[in-house]
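Visitor: My questions will all concern the structure given below.
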Amino acid sequence: MNIKNRLTIMNFFQLFVWGAWLTTLASYGFGFKKWSGQDFGIVFSTLGIASIVMPAISGIIADKFMNLEKLFGLHHILYGISLLIIPHIDNATTFFWVMLLAMFFYMPTLSLSNALSYTILKNNNYDVVKVYPPIRVFGTIGFIAAMWITNLISDPSSPLAFGLKIGNNLTHLTGMPIQCNQFYVAALFAILLGIYSMTLPKCPPKNEISNSNASLTEKLGLQGFKLFKQTKFATFFIFSVFLGAALQLTNMYGETYIKDFKNIPEFANTFAVQSANIVLSISQISETIFILAIPFFLKRYGIKKVMLFSLIAWVLRFGFFAYGDPINSLWMIIMSNIVYGFAFDFFNISGSLFVETTTDSKIRSSAQGLFMMMTNGFGAVLGSLSSGFVIDKYFTEDGNKNWHLIWLCFAIYAAVITVAFALFFKHEHKPEEIAEVSH
């Protein structure tokens, strides 16, 4: 099997083992475990905490001490073992600590997978810019496949008899409720991926940080924090935190929002309610399509306007959910999922490009890491904890959530961020800054 095919398999399962449980965690927590919104927010914050703490540590290990393919594989094996424990936990606090451990192992692999793919392709004389994007798309396809499979094997309300048969067989083997199957599937394939990854071409440590005179900041790859001294970058990173707080909200609550329509008799037996995860997978399908449009939009409108378009799309994402339902306004739920691809891709890509084209090459990697830390780290923690508190305090009565007002609140939040970004973030469009993206 050639290198490109082997990396395609790796990328497919890299996101498969995340997508198997990520979008169904709310249903598992709210519906099966009966957690409060604050309990769930605390549990979901593990993704952000791990994104703050672990990538720099894993990067140092890969640079100095361990082959990249072995470190990547070890992370997945330990992640899989951690997931095997989760179905046996009832207490939300204990669940938090075990999930945090699992995220400590998994979240660094999001950047390690890119580094591993780049290194192997370069070592085999491939044009990374040309070859890697089609390989990476299979990661999103893996995420979609996991969402569909999870709907079949871990959802008791699934209308697909064949899927329920598989789910019941797996339940019989594990001795756990069907809602726990998502974690067993993710664990199994994570461990297999870990073993498989260790067979990939060797990527030994580069020992890039060998200068004994290097500061601790340089050794930890944190030079990018110096950018906060510049108003433009400080503004950008602050907005990255506030937008990062919104990025995972629909992954957190999307499935349980749709499933809660089952409490209304006229919606209970609709396809959307019984196959919520399949409906939500439209978001990931949309991602794969909008990625192709990014070079055109960047070239025509520039980085700031594209980021602004993304923020407007987040307002629409939440707004469509606020007014959608599984029958009369199903189109709004579908449109919300389609808009997600634009909202998610355009900010991440254009934000990354802004960092790439406006920072010194000596701190560029650190700056990119800082961008990811602000959005997926501090932003995700802020969104997880604050949304759980707000939903519990203002939008939950007798255990029932007012999803219309919840999504409307999120839409207003995104609208405020959009207006503030347009007013305070200053960046002049330069056509040459996106030239390499058009290749």
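Residue numbers start at 1 in each chain; chains themselves are named A, B, ... in the order of the structure tokens; ligands are numbered from 1 in the order shown.
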Leaving out Leu292 of chain A and any residue of its chain fewer than 6 positions from it, which residues lie within 12 Å of it when counting only C-alpha atoms, given as a PDB file with N, CA and C atoms, in the first residue's frame?

Guide:
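So the final result, stored in selection_18.pdb, reads:
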```
ATOM      1  N   PRO A 133      -4.314  18.050   1.297  1.00  0.00           N
ATOM      2  CA  PRO A 133      -5.750  18.350   1.466  1.00  0.00           C
ATOM      3  C   PRO A 133      -6.698  17.193   1.131  1.00  0.00           C
ATOM      4  N   PRO A 134      -6.515  16.478  -0.008  1.00  0.00           N
ATOM      5  CA  PRO A 134      -7.419  15.344  -0.271  1.00  0.00           C
ATOM      6  C   PRO A 134      -7.302  14.241   0.784  1.00  0.00           C
ATOM      7  N   VAL A 137      -9.275  15.489   3.951  1.00  0.00           N
ATOM      8  CA  VAL A 137     -10.730  15.443   3.800  1.00  0.00           C
ATOM      9  C   VAL A 137     -11.296  14.137   4.339  1.00  0.00           C
ATOM     10  N   SER A 286     -21.042  19.558   4.968  1.00  0.00           N
ATOM     11  CA  SER A 286     -20.916  20.940   4.525  1.00  0.00           C
ATOM     12  C   SER A 286     -19.476  21.432   4.633  1.00  0.00           C
ATOM     13  N   LEU A 298     -11.261  34.240  -0.092  1.00  0.00           N
ATOM     14  CA  LEU A 298     -10.108  34.961   0.434  1.00  0.00           C
ATOM     15  C   LEU A 298      -9.529  35.913  -0.601  1.00  0.00           C
ATOM     16  N   GLY A 341     -20.736  24.623   8.013  1.00  0.00           N
ATOM     17  CA  GLY A 341     -19.507  24.405   7.250  1.00  0.00           C
ATOM     18  C   GLY A 341     -18.817  25.715   6.918  1.00  0.00           C
ATOM     19  N   PHE A 342     -19.602  26.714   6.527  1.00  0.00           N
ATOM     20  CA  PHE A 342     -19.063  28.044   6.240  1.00  0.00           C
ATOM     21  C   PHE A 342     -18.534  28.684   7.517  1.00  0.00           C
ATOM     22  N   ASP A 345     -15.277  26.534   9.029  1.00  0.00           N
ATOM     23  CA  ASP A 345     -14.092  26.504   8.165  1.00  0.00           C
ATOM     24  C   ASP A 345     -13.505  27.884   7.933  1.00  0.00           C
ATOM     25  N   PHE A 346     -14.379  28.852   7.650  1.00  0.00           N
ATOM     26  CA  PHE A 346     -13.878  30.142   7.203  1.00  0.00           C
ATOM     27  C   PHE A 346     -13.144  30.887   8.308  1.00  0.00           C
ATOM     28  N   ILE A 349      -9.662  28.775   8.956  1.00  0.00           N
ATOM     29  CA  ILE A 349      -8.678  28.892   7.873  1.00  0.00           C
ATOM     30  C   ILE A 349      -8.193  30.329   7.726  1.00  0.00           C
ATOM     31  N   VAL A 437      -2.453  30.264  -1.083  1.00  0.00           N
ATOM     32  CA  VAL A 437      -3.651  29.448  -0.859  1.00  0.00           C
ATOM     33  C   VAL A 437      -4.310  29.105  -2.198  1.00  0.00           C
ATOM     34  N   SER A 438      -4.111  29.966  -3.188  1.00  0.00           N
ATOM     35  CA  SER A 438      -4.751  29.751  -4.480  1.00  0.00           C
ATOM     36  C   SER A 438      -4.045  28.702  -5.335  1.00  0.00           C
TER      37      SER A 438
END
```

Visitor: What's the 9 Å shell around Ala187 of chain A, counting only C-alpha atoms, without same-chain residues fewer than 3 positions away, as a PyMOL selection string?

Guide: chain A and resi 17+76-77+79-84+182-184+190-192

Visitor: Counting only C-alpha atoms, figure out which residue out of A:Ser329, A:Met198, A:Gly399, A:Lys393 gets nearest to Leu71 of chain A.

Guide: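 Smallest distance to Leu71 of chain A is found for A:Met198.
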
Visitor: As number ranges by chain, please: the residues near Pro108 of chain A (cut-off 8 Å, only C-alpha atoms, same-chain neighbours under 3 positions excluded).

Guide: A: 50-51, 54-55, 58, 104-105, 111-112

Visitor: Hey, what's within 10 Å of segment 243-254 of chain A if we count only C-alpha atoms and toss same-chain stuff fewer than 6 positions away? As number ranges by chain, please?

Guide: A: 19, 22-27, 30, 40-41, 44, 47-48, 237, 276-277, 279-280, 283, 311, 314, 317-318, 321, 333, 336-337, 340, 343-344, 347-348, 372-387, 403, 407, 410-411, 413-414, 417-418
